[in-house]
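A.B. asks: Encoded as structure tokens, here's the structure I'll be asking about.
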Amino acid sequence: MVERENKALSPALERALRLEARYGNLLRWAILLASVVALGLWRGFQRSLFGRLGPELYAVVGYALFALFFSLVFRAPGKRAPFSPRARRGLLLFSYILDYLYIAVLVGVTGGFRSELYVFWGLLALKASIYYPSVREMVFIPFLSPLLWIVVAYVGARSLYFLWDRGFLLRYSGLFSLVVGATAVGWLMERRQRSIRSLGANLSRKSEALEEQARRAQRTAKELADRLLELRSLQESVKAINSSLALDELLQLIVENATQVLRGARCTIALVDEARERVVTSAAAGIPRKELWGTSFRIGQGVAGWVVENKQPVLIPSVDEDPRFLRIGNRPIASLISVPLISDGQVIGALTATSPEKGAFSEADVNLLDAFADQAAIAVKNARLYEKLAREEKETAHLYQSVLEKSNELEAILRGIGDGVIVVDPQLRLLMMNPVAMRMFRVLERPREGMRLPEVITNEELSVLVRETLENPDQPLIRELTLEREGDRRAIYQALASAVRGAMNQVRGVVIVVRDITTQKEIEQMKSDFLSVVSHELRTPLHSIKGFVDIILMGKTGEINELQRDFLTTVKEATTNLQQLIEDLLEFSRMEAGQIKLRPEQISPFEVAERVVEQLLPLAEEKGIRLLNSVPEEIDLIEADPMRIEQVLTNLISNAVKFTPAEGTVTVLGEDLGDRIRMAVCDTGIGIPKEEQEKIFQRFYQVDSSATRSYRGAGLGLTICKFIVEYHRGRIWVESEEGKGSTFYFELPKELPKDEDLVIDFTTPIRRRRAGGENEFHHR
């Protein structure tokens, strides 16, 4: 009964009750005895006890009865207690409070603030510090003693004057310090006991863990002894497996050695095919090859397919009771085990052992076969890698031979072409130079490997071109190089430099193709000179012819009839067309010679369009065509040469009127695009075939170039427009549908570069932007 009651107690409460039974009751009787002695000394023993009954006597007798009651409640360990643990805990706190109140009565009847019995409160405070780890509420009760002292002192003195008594203040401070100190001691003791309990609990757990480890060690030692024999056999088998690299031979070794490890069980190995759809039996031991060789299952079908799909070993004591088993052939099979072959986290097959007896395998056999399968998977992986390396070696040799042949072909081509080819690396070290390039740059001996380009070719323009290409490798660059020839002659070469990129898109070098364009330049110059001379020679007689025709038409030479007027009008129109053609030729010649310089200023696109429309309105009305200016009047100003932009609009609108039939419409449009503006000339004319739209901006190009074409002209108007727009750092293009009309667009920036010489000439290459945004290079 006592043991059952103690089990219901918490360890902390049990300790507190044990302390109260052994020392608390003794302290209470000691306080009672000391109080009787103190009262006797205070009033005289005889008079106090046997004389007039005073209130202190009632307090002593009452406290004695309570001390007797608590002695019965808090008995020594091993004796039955009359109350439950919870009730005894409450009585413990109650007895402690009663002790405090009794001492308050004693202090009050023995002098109040002068009483020396306040030291009993200090004893009780020390008791609270001892009980604190078990009954924490007890530690707050001692803080009532200073307040009780003031109350009983006030009741005895009927005044608070004692608060200024130095002796009382010293005793009061001492009591308060003792209470605080006892509380601190209790808190430290509680922390110490908590630490001791924690250490005890940890020690107990570690002791249990050590015992468990000892038991495991015993079991492990026994298992290791059993496994050692198995591992010796497994080691010999693995050694034999790892000595083979041919896959077919290796698979046969695996199943034969697995059969030995499992004491004669029939073993087979199945591998997943390359498509990872089926499991194919690849080798078998103890079974004729023709019986199982090449048998396959879908992944998930049969025991091997299930093992591959689930990546788990399987033990089947009786195959007749397992639906996963599929019987093939007449070999007796009653039980089996199967484990996956896993390489790099991926199942590559399954290793299976079968027996004609039911329950022939155990979990230990599964573990043994699984360990064997791990080594077998590594061996299969190595064999496959070996075969793959062998194949790749053959392929590499074949590829090397092919590359070598292509390299020889390319070298022969580069030696035979008429252009010079130079290849350098990013450090400008020369990698290749064909004989044509050596002749162009007068390199007499083949350069040594690793020589830098400036050491071989002392042409600064070529070196600058290579550096610029390396700095901006995304687009090719074109430059013209002028080299000295024998005598006073000079040769002009066109050099095209492009970056060479590697497999990771990194710049590996620069290839420069150099072409001799001296003859082409001379022909172009002769053609320009011829056009210029012919145009000037034709200009003067045409002026005379036109002037005389105008005089005759005005009637200053006499009356003319209608037929004569019709003939003369035809002559005048032809003369005007011929004059315009000559003007285009002269303009083109000046542009080719680089004699036209842009004079940019702030202009209004609306006003330019308005002027051109007014000038060409009579021409449009003559053909019965509506000519409209739909450019917004509020469109922003741009920086451009007003005469040249007016020339562009004049050419585009004239062409639109020329190729638009009567009752058609020609419209000039404008749009603000932020940092640039877009102008458009839209007509409802005959349109341009799609295959011709890229060619119409070429020099002298005509869509209908036959001698009997309906629309006359030199084919220079759009070419002039193109170069004027591009030298304004803009672009021009056409969108057209045959039979429905055409729209010519051109875009111009609102501000021109300040540090560039804006000269129109066709002699230097410039880079322009296509409509799609990519870069395109053209040589004038």
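Each chain of the structure tokens is named A, B, ... in the order shown, its residues numbered from 1; ligands are numbered from 1 in display order.
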I want to know what sits within 8 Å of segment 545-549 of chain A, based on only C-alpha atoms, with residues of the same chain fewer than 6 positions away left out; could you give that as a ChimeraX atom specification?

C.D. replies: /A:568,571-572,575-576

A.B. asks: Neighbours of segment 646-652 of chain A within 10 Å (only C-alpha atoms; same-chain residues fewer than 2 positions away dropped), as a PDB file with N, CA, C and O atoms, in the first residue's frame?

C.D. replies:
ATOM      1  N   PRO A 605       8.886  67.682 -91.260  1.00  0.00           N
ATOM      2  CA  PRO A 605       8.491  66.713 -92.295  1.00  0.00           C
ATOM      3  C   PRO A 605       7.176  67.090 -92.968  1.00  0.00           C
ATOM      4  O   PRO A 605       7.002  66.857 -94.165  1.00  0.00           O
ATOM      5  N   GLU A 607       6.018  70.166 -93.551  1.00  0.00           N
ATOM      6  CA  GLU A 607       6.230  71.259 -94.510  1.00  0.00           C
ATOM      7  C   GLU A 607       6.948  70.760 -95.759  1.00  0.00           C
ATOM      8  O   GLU A 607       6.637  71.193 -96.877  1.00  0.00           O
ATOM      9  N   VAL A 608       7.932  69.853 -95.611  1.00  0.00           N
ATOM     10  CA  VAL A 608       8.633  69.308 -96.762  1.00  0.00           C
ATOM     11  C   VAL A 608       7.653  68.552 -97.650  1.00  0.00           C
ATOM     12  O   VAL A 608       7.621  68.716 -98.883  1.00  0.00           O
ATOM     13  N   ALA A 609       6.814  67.719 -97.036  1.00  0.00           N
ATOM     14  CA  ALA A 609       5.829  66.952 -97.805  1.00  0.00           C
ATOM     15  C   ALA A 609       4.836  67.880 -98.491  1.00  0.00           C
ATOM     16  O   ALA A 609       4.430  67.650 -99.644  1.00  0.00           O
ATOM     17  N   GLU A 610       4.454  68.968 -97.796  1.00  0.00           N
ATOM     18  CA  GLU A 610       3.487  69.909 -98.365  1.00  0.00           C
ATOM     19  C   GLU A 610       4.059  70.576 -99.620  1.00  0.00           C
ATOM     20  O   GLU A 610       3.373  70.732-100.649  1.00  0.00           O
ATOM     21  N   ARG A 611       5.350  70.956 -99.574  1.00  0.00           N
ATOM     22  CA  ARG A 611       5.972  71.610-100.724  1.00  0.00           C
ATOM     23  C   ARG A 611       6.041  70.655-101.919  1.00  0.00           C
ATOM     24  O   ARG A 611       5.742  71.023-103.057  1.00  0.00           O
ATOM     25  N   VAL A 612       6.452  69.417-101.668  1.00  0.00           N
ATOM     26  CA  VAL A 612       6.588  68.450-102.756  1.00  0.00           C
ATOM     27  C   VAL A 612       5.226  68.143-103.372  1.00  0.00           C
ATOM     28  O   VAL A 612       5.085  68.060-104.599  1.00  0.00           O
ATOM     29  N   VAL A 613       4.205  67.998-102.523  1.00  0.00           N
ATOM     30  CA  VAL A 613       2.854  67.705-103.038  1.00  0.00           C
ATOM     31  C   VAL A 613       2.355  68.851-103.910  1.00  0.00           C
ATOM     32  O   VAL A 613       1.765  68.641-104.977  1.00  0.00           O
ATOM     33  N   GLN A 615       4.197  70.931-105.646  1.00  0.00           N
ATOM     34  CA  GLN A 615       4.944  70.952-106.899  1.00  0.00           C
ATOM     35  C   GLN A 615       4.460  69.878-107.870  1.00  0.00           C
ATOM     36  O   GLN A 615       4.418  70.084-109.090  1.00  0.00           O
ATOM     37  N   LEU A 616       4.116  68.703-107.346  1.00  0.00           N
ATOM     38  CA  LEU A 616       3.748  67.577-108.213  1.00  0.00           C
ATOM     39  C   LEU A 616       2.241  67.442-108.422  1.00  0.00           C
ATOM     40  O   LEU A 616       1.802  66.523-109.110  1.00  0.00           O
ATOM     41  N   ASP A 641      18.951  67.282 -94.116  1.00  0.00           N
ATOM     42  CA  ASP A 641      19.177  68.204 -95.223  1.00  0.00           C
ATOM     43  C   ASP A 641      17.832  68.381 -95.938  1.00  0.00           C
ATOM     44  O   ASP A 641      17.317  67.433 -96.553  1.00  0.00           O
ATOM     45  N   PRO A 642      17.206  69.549 -95.866  1.00  0.00           N
ATOM     46  CA  PRO A 642      15.853  69.713 -96.426  1.00  0.00           C
ATOM     47  C   PRO A 642      15.811  69.457 -97.931  1.00  0.00           C
ATOM     48  O   PRO A 642      14.858  68.876 -98.440  1.00  0.00           O
ATOM     49  N   MET A 643      16.873  69.879 -98.674  1.00  0.00           N
ATOM     50  CA  MET A 643      16.856  69.701-100.127  1.00  0.00           C
ATOM     51  C   MET A 643      16.889  68.211-100.479  1.00  0.00           C
ATOM     52  O   MET A 643      16.191  67.747-101.383  1.00  0.00           O
ATOM     53  N   ARG A 644      17.699  67.409 -99.714  1.00  0.00           N
ATOM     54  CA  ARG A 644      17.837  65.990-100.029  1.00  0.00           C
ATOM     55  C   ARG A 644      16.578  65.215 -99.642  1.00  0.00           C
ATOM     56  O   ARG A 644      16.161  64.302-100.343  1.00  0.00           O
ATOM     57  N   SER A 654       6.924  60.931-107.592  1.00  0.00           N
ATOM     58  CA  SER A 654       6.932  60.891-109.062  1.00  0.00           C
ATOM     59  C   SER A 654       6.771  59.465-109.559  1.00  0.00           C
ATOM     60  O   SER A 654       6.004  59.188-110.496  1.00  0.00           O
ATOM     61  N   ASN A 655       7.495  58.523-108.910  1.00  0.00           N
ATOM     62  CA  ASN A 655       7.355  57.121-109.288  1.00  0.00           C
ATOM     63  C   ASN A 655       5.943  56.624-109.042  1.00  0.00           C
ATOM     64  O   ASN A 655       5.372  55.886-109.850  1.00  0.00           O
ATOM     65  N   ALA A 656       5.370  57.014-107.881  1.00  0.00           N
ATOM     66  CA  ALA A 656       4.012  56.568-107.554  1.00  0.00           C
ATOM     67  C   ALA A 656       3.014  57.076-108.590  1.00  0.00           C
ATOM     68  O   ALA A 656       2.115  56.346-109.029  1.00  0.00           O
ATOM     69  N   VAL A 657       3.154  58.359-108.992  1.00  0.00           N
ATOM     70  CA  VAL A 657       2.255  58.922-110.012  1.00  0.00           C
ATOM     71  C   VAL A 657       2.474  58.212-111.348  1.00  0.00           C
ATOM     72  O   VAL A 657       1.528  57.916-112.086  1.00  0.00           O
ATOM     73  N   LYS A 658       3.760  57.927-111.662  1.00  0.00           N
ATOM     74  CA  LYS A 658       4.074  57.295-112.939  1.00  0.00           C
ATOM     75  C   LYS A 658       3.433  55.907-113.052  1.00  0.00           C
ATOM     76  O   LYS A 658       2.912  55.527-114.109  1.00  0.00           O
ATOM     77  N   VAL A 668       0.755  60.620 -99.050  1.00  0.00           N
ATOM     78  CA  VAL A 668       1.994  60.764 -98.272  1.00  0.00           C
ATOM     79  C   VAL A 668       1.608  60.673 -96.801  1.00  0.00           C
ATOM     80  O   VAL A 668       0.749  61.419 -96.327  1.00  0.00           O
ATOM     81  N   MET A 679       8.213  58.039 -92.707  1.00  0.00           N
ATOM     82  CA  MET A 679       7.441  58.610 -93.804  1.00  0.00           C
ATOM     83  C   MET A 679       7.086  57.476 -94.764  1.00  0.00           C
ATOM     84  O   MET A 679       7.804  56.472 -94.869  1.00  0.00           O
ATOM     85  N   ALA A 680       5.967  57.642 -95.477  1.00  0.00           N
ATOM     86  CA  ALA A 680       5.528  56.618 -96.424  1.00  0.00           C
ATOM     87  C   ALA A 680       4.826  57.276 -97.598  1.00  0.00           C
ATOM     88  O   ALA A 680       4.121  58.271 -97.438  1.00  0.00           O
ATOM     89  N   VAL A 681       5.047  56.708 -98.787  1.00  0.00           N
ATOM     90  CA  VAL A 681       4.330  57.119 -99.996  1.00  0.00           C
ATOM     91  C   VAL A 681       3.555  55.891-100.478  1.00  0.00           C
ATOM     92  O   VAL A 681       4.156  54.891-100.885  1.00  0.00           O
ATOM     93  N   CYS A 682       2.243  55.986-100.393  1.00  0.00           N
ATOM     94  CA  CYS A 682       1.369  54.850-100.686  1.00  0.00           C
ATOM     95  C   CYS A 682       0.589  55.129-101.971  1.00  0.00           C
ATOM     96  O   CYS A 682       0.014  56.211-102.132  1.00  0.00           O
ATOM     97  N   LEU A 716      17.649  55.129-111.646  1.00  0.00           N
ATOM     98  CA  LEU A 716      18.535  55.714-110.629  1.00  0.00           C
ATOM     99  C   LEU A 716      17.778  56.412-109.509  1.00  0.00           C
ATOM    100  O   LEU A 716      18.371  56.721-108.463  1.00  0.00           O
ATOM    101  N   GLY A 717      16.510  56.683-109.702  1.00  0.00           N
ATOM    102  CA  GLY A 717      15.772  57.469-108.700  1.00  0.00           C
ATOM    103  C   GLY A 717      15.732  56.791-107.341  1.00  0.00           C
ATOM    104  O   GLY A 717      16.033  57.409-106.311  1.00  0.00           O
ATOM    105  N   LEU A 718      15.374  55.512-107.297  1.00  0.00           N
ATOM    106  CA  LEU A 718      15.316  54.803-106.015  1.00  0.00           C
ATOM    107  C   LEU A 718      16.706  54.592-105.430  1.00  0.00           C
ATOM    108  O   LEU A 718      16.875  54.585-104.205  1.00  0.00           O
ATOM    109  N   ILE A 720      19.224  56.682-105.679  1.00  0.00           N
ATOM    110  CA  ILE A 720      19.562  57.972-105.040  1.00  0.00           C
ATOM    111  C   ILE A 720      18.809  58.108-103.725  1.00  0.00           C
ATOM    112  O   ILE A 720      19.366  58.539-102.707  1.00  0.00           O
ATOM    113  N   CYS A 721      17.533  57.751-103.728  1.00  0.00           N
ATOM    114  CA  CYS A 721      16.739  57.830-102.485  1.00  0.00           C
ATOM    115  C   CYS A 721      17.371  56.966-101.390  1.00  0.00           C
ATOM    116  O   CYS A 721      17.477  57.389-100.225  1.00  0.00           O
ATOM    117  N   LYS A 722      17.770  55.773-101.779  1.00  0.00           N
ATOM    118  CA  LYS A 722      18.329  54.840-100.804  1.00  0.00           C
ATOM    119  C   LYS A 722      19.576  55.411-100.132  1.00  0.00           C
ATOM    120  O   LYS A 722      19.726  55.375 -98.899  1.00  0.00           O
ATOM    121  N   PHE A 723      20.494  55.964-100.941  1.00  0.00           N
ATOM    122  CA  PHE A 723      21.733  56.447-100.362  1.00  0.00           C
ATOM    123  C   PHE A 723      21.543  57.752 -99.590  1.00  0.00           C
ATOM    124  O   PHE A 723      22.238  57.989 -98.606  1.00  0.00           O
ATOM    125  N   ILE A 724      20.617  58.588-100.006  1.00  0.00           N
ATOM    126  CA  ILE A 724      20.336  59.800 -99.217  1.00  0.00           C
ATOM    127  C   ILE A 724      19.795  59.413 -97.855  1.00  0.00           C
ATOM    128  O   ILE A 724      20.211  59.941 -96.804  1.00  0.00           O
ATOM    129  N   VAL A 725      18.855  58.455 -97.825  1.00  0.00           N
ATOM    130  CA  VAL A 725      18.258  58.028 -96.544  1.00  0.00           C
ATOM    131  C   VAL A 725      19.303  57.359 -95.658  1.00  0.00           C
ATOM    132  O   VAL A 725      19.394  57.634 -94.455  1.00  0.00           O
ATOM    133  N   THR A 743       3.766  50.587-101.227  1.00  0.00           N
ATOM    134  CA  THR A 743       4.028  51.589-100.195  1.00  0.00           C
ATOM    135  C   THR A 743       5.525  51.611 -99.927  1.00  0.00           C
ATOM    136  O   THR A 743       6.109  50.597 -99.543  1.00  0.00           O
ATOM    137  N   PHE A 744       6.138  52.775-100.183  1.00  0.00           N
ATOM    138  CA  PHE A 744       7.559  52.964 -99.914  1.00  0.00           C
ATOM    139  C   PHE A 744       7.705  53.659 -98.571  1.00  0.00           C
ATOM    140  O   PHE A 744       7.155  54.743 -98.353  1.00  0.00           O
ATOM    141  N   TYR A 745       8.452  53.011 -97.655  1.00  0.00           N
ATOM    142  CA  TYR A 745       8.687  53.568 -96.326  1.00  0.00           C
ATOM    143  C   TYR A 745      10.130  54.025 -96.216  1.00  0.00           C
ATOM    144  O   TYR A 745      11.036  53.405 -96.789  1.00  0.00           O
ATOM    145  N   PHE A 746      10.347  55.078 -95.445  1.00  0.00           N
ATOM    146  CA  PHE A 746      11.703  55.391 -95.011  1.00  0.00           C
ATOM    147  C   PHE A 746      11.639  56.021 -93.625  1.00  0.00           C
ATOM    148  O   PHE A 746      10.721  56.754 -93.293  1.00  0.00           O
TER     149      PHE A 746
END

A.B. asks: With DSSP run on the backbone, what are the helix (DSSP H, G or I) residues within segment 400-607 of chain A? I'd like them as a ChimeraX atom specification.

C.D. replies: /A:400-416,435-440,453-456,460-471,518-553,562-592,605-607

A.B. asks: What is the distance, in Å and to one decimal place, between atom CA of Thr570 of chain A and atom CA of Ile653 of chain A?

C.D. replies: 23.2 Å

A.B. asks: Can you list, as a ChimeraX atom specification, every protein, DNA or RNA residue that comes within 10 Å of Val303 of chain A when you count only C-alpha atoms, leaving out same-chain residues fewer than 5 positions away?

C.D. replies: /A:297,308-309,313-316,319,322-326,336-339,350,352

A.B. asks: For segment 507-523 of chain A, find every residue with an atom within 7 Å (counting only C-alpha atoms), except residues of its own chain fewer than 4 positions away, and show them as an MDAnalysis selection string.

C.D. replies: chainID A and resid 419:426 466 491:502 527

A.B. asks: Could you save the residues just selected, with all heavy atoms, as a compact mmCIF listing (two decimals), in the first residue's frame?

C.D. replies:
# COMPACT_ATOMS: atom_id res chain seq x y z
N ASP A 419 41.27 34.46 -104.34
CA ASP A 419 41.27 35.43 -103.24
C ASP A 419 42.32 35.03 -102.20
O ASP A 419 42.62 33.85 -102.00
CB ASP A 419 39.90 35.48 -102.56
CG ASP A 419 38.82 36.02 -103.48
OD1 ASP A 419 39.17 36.76 -104.42
OD2 ASP A 419 37.63 35.69 -103.26
N GLY A 420 42.86 36.05 -101.54
CA GLY A 420 43.77 35.80 -100.45
C GLY A 420 43.01 35.48 -99.17
O GLY A 420 42.01 36.11 -98.87
N VAL A 421 43.47 34.48 -98.42
CA VAL A 421 42.83 34.06 -97.18
C VAL A 421 43.87 34.07 -96.07
O VAL A 421 44.94 33.46 -96.20
CB VAL A 421 42.19 32.67 -97.30
CG1 VAL A 421 41.53 32.27 -95.97
CG2 VAL A 421 41.17 32.65 -98.42
N ILE A 422 43.52 34.77 -94.95
CA ILE A 422 44.41 34.85 -93.79
C ILE A 422 43.58 34.49 -92.56
O ILE A 422 42.46 34.99 -92.39
CB ILE A 422 45.01 36.26 -93.63
CG1 ILE A 422 45.79 36.64 -94.89
CG2 ILE A 422 45.89 36.33 -92.39
CD1 ILE A 422 46.22 38.11 -94.90
N VAL A 423 44.11 33.63 -91.70
CA VAL A 423 43.43 33.24 -90.47
C VAL A 423 44.37 33.52 -89.30
O VAL A 423 45.54 33.09 -89.33
CB VAL A 423 43.02 31.75 -90.49
CG1 VAL A 423 42.25 31.41 -89.21
CG2 VAL A 423 42.16 31.45 -91.71
N VAL A 424 43.86 34.24 -88.28
CA VAL A 424 44.64 34.54 -87.08
C VAL A 424 43.82 34.17 -85.85
O VAL A 424 42.60 34.07 -85.91
CB VAL A 424 45.04 36.03 -87.02
CG1 VAL A 424 45.94 36.41 -88.17
CG2 VAL A 424 43.80 36.93 -86.97
N ASP A 425 44.52 33.96 -84.72
CA ASP A 425 43.83 33.68 -83.46
C ASP A 425 43.58 34.99 -82.72
O ASP A 425 43.98 36.07 -83.20
CB ASP A 425 44.63 32.69 -82.62
CG ASP A 425 45.96 33.26 -82.14
OD1 ASP A 425 46.19 34.48 -82.33
OD2 ASP A 425 46.76 32.51 -81.58
N PRO A 426 42.90 34.98 -81.56
CA PRO A 426 42.60 36.24 -80.85
C PRO A 426 43.83 37.04 -80.44
O PRO A 426 43.74 38.24 -80.19
CB PRO A 426 41.82 35.77 -79.62
CG PRO A 426 41.17 34.50 -80.05
CD PRO A 426 42.17 33.85 -80.95
N VAL A 466 41.40 43.59 -88.05
CA VAL A 466 41.33 42.37 -87.23
C VAL A 466 40.93 42.72 -85.80
O VAL A 466 40.08 42.06 -85.18
CB VAL A 466 42.67 41.62 -87.27
CG1 VAL A 466 42.65 40.44 -86.29
CG2 VAL A 466 42.97 41.14 -88.67
N ALA A 491 47.48 49.19 -105.94
CA ALA A 491 46.43 48.17 -106.03
C ALA A 491 45.42 48.39 -104.91
O ALA A 491 45.80 48.75 -103.78
CB ALA A 491 47.04 46.77 -105.91
N ILE A 492 44.16 48.21 -105.24
CA ILE A 492 43.08 48.37 -104.25
C ILE A 492 42.48 46.99 -103.97
O ILE A 492 42.10 46.26 -104.89
CB ILE A 492 41.99 49.32 -104.76
CG1 ILE A 492 42.59 50.70 -105.08
CG2 ILE A 492 40.87 49.45 -103.74
CD1 ILE A 492 41.61 51.65 -105.70
N TYR A 493 42.46 46.64 -102.69
CA TYR A 493 41.92 45.34 -102.27
C TYR A 493 40.73 45.57 -101.33
O TYR A 493 40.72 46.50 -100.54
CB TYR A 493 42.99 44.52 -101.54
CG TYR A 493 44.16 44.13 -102.42
CD1 TYR A 493 45.31 44.92 -102.46
CD2 TYR A 493 44.11 43.00 -103.21
CE1 TYR A 493 46.38 44.58 -103.26
CE2 TYR A 493 45.18 42.65 -104.02
CZ TYR A 493 46.31 43.44 -104.04
OH TYR A 493 47.37 43.10 -104.84
N GLN A 494 39.79 44.67 -101.44
CA GLN A 494 38.65 44.67 -100.51
C GLN A 494 38.86 43.53 -99.52
O GLN A 494 39.00 42.37 -99.92
CB GLN A 494 37.33 44.47 -101.26
CG GLN A 494 36.11 44.56 -100.35
CD GLN A 494 34.83 44.24 -101.09
OE1 GLN A 494 34.58 43.10 -101.44
NE2 GLN A 494 34.03 45.27 -101.35
N ALA A 495 38.90 43.85 -98.20
CA ALA A 495 39.14 42.85 -97.16
C ALA A 495 37.85 42.66 -96.35
O ALA A 495 37.29 43.62 -95.81
CB ALA A 495 40.26 43.30 -96.23
N LEU A 496 37.37 41.42 -96.30
CA LEU A 496 36.19 41.06 -95.51
C LEU A 496 36.66 40.22 -94.32
O LEU A 496 37.23 39.14 -94.50
CB LEU A 496 35.19 40.26 -96.36
CG LEU A 496 34.01 39.63 -95.61
CD1 LEU A 496 33.13 40.70 -95.00
CD2 LEU A 496 33.19 38.74 -96.53
N ALA A 497 36.43 40.73 -93.11
CA ALA A 497 36.88 40.04 -91.88
C ALA A 497 35.67 39.53 -91.11
O ALA A 497 34.72 40.28 -90.87
CB ALA A 497 37.71 40.98 -91.01
N SER A 498 35.71 38.26 -90.72
CA SER A 498 34.63 37.64 -89.94
C SER A 498 35.23 36.85 -88.79
O SER A 498 36.32 36.27 -88.92
CB SER A 498 33.78 36.70 -90.81
OG SER A 498 33.22 37.39 -91.89
N ALA A 499 34.50 36.85 -87.64
CA ALA A 499 34.97 36.10 -86.48
C ALA A 499 34.72 34.61 -86.69
O ALA A 499 33.72 34.20 -87.26
CB ALA A 499 34.25 36.58 -85.21
N VAL A 500 35.67 33.80 -86.22
CA VAL A 500 35.54 32.34 -86.24
C VAL A 500 35.18 31.89 -84.83
O VAL A 500 35.90 32.20 -83.88
CB VAL A 500 36.85 31.66 -86.70
CG1 VAL A 500 36.70 30.15 -86.69
CG2 VAL A 500 37.24 32.15 -88.08
N ARG A 501 34.06 31.18 -84.70
CA ARG A 501 33.58 30.77 -83.37
C ARG A 501 33.76 29.27 -83.18
O ARG A 501 33.68 28.49 -84.13
CB ARG A 501 32.11 31.14 -83.18
CG ARG A 501 31.87 32.65 -83.20
CD ARG A 501 30.44 32.99 -82.85
NE ARG A 501 30.21 34.42 -82.85
CZ ARG A 501 30.42 35.21 -81.81
NH1 ARG A 501 30.86 34.70 -80.68
NH2 ARG A 501 30.18 36.50 -81.88
N GLY A 502 33.95 28.89 -81.89
CA GLY A 502 34.11 27.49 -81.55
C GLY A 502 32.78 26.84 -81.23
O GLY A 502 31.70 27.42 -81.42
N LYS A 527 33.45 54.39 -116.09
CA LYS A 527 32.02 54.51 -116.35
C LYS A 527 31.49 55.84 -115.81
O LYS A 527 30.71 56.54 -116.48
CB LYS A 527 31.28 53.34 -115.69
CG LYS A 527 29.78 53.36 -115.91
CD LYS A 527 29.12 52.18 -115.24
CE LYS A 527 29.25 52.30 -113.73
NZ LYS A 527 28.54 51.22 -113.04

A.B. asks: Counting only C-alpha atoms, what is within 10 Å of Val155 of chain A, bar same-chain residues fewer than 6 positions away, as a list in words?

C.D. replies: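 Result of the neighbour search: Gly108, Gly112 and Trp149 of chain A.
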
A.B. asks: Output N, CA, C and O atoms for every residue in that selection, as an mmCIF file, in the first residue's frame.

C.D. replies:
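The new file out.cif reads:
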data_model
loop_
_atom_site.group_PDB
_atom_site.id
_atom_site.type_symbol
_atom_site.label_atom_id
_atom_site.label_comp_id
_atom_site.auth_asym_id
_atom_site.auth_seq_id
_atom_site.Cartn_x
_atom_site.Cartn_y
_atom_site.Cartn_z
ATOM 1 N N GLY A 108 4.744 39.825 18.379
ATOM 2 C CA GLY A 108 3.864 40.880 18.867
ATOM 3 C C GLY A 108 3.789 40.936 20.382
ATOM 4 O O GLY A 108 3.702 42.019 20.965
ATOM 5 N N GLY A 112 7.221 43.461 20.016
ATOM 6 C CA GLY A 112 6.935 44.076 18.718
ATOM 7 C C GLY A 112 8.201 44.344 17.948
ATOM 8 O O GLY A 112 8.961 43.436 17.629
ATOM 9 N N TRP A 149 5.898 41.813 10.332
ATOM 10 C CA TRP A 149 6.612 42.466 11.460
ATOM 11 C C TRP A 149 6.112 43.897 11.639
ATOM 12 O O TRP A 149 5.860 44.357 12.747
#
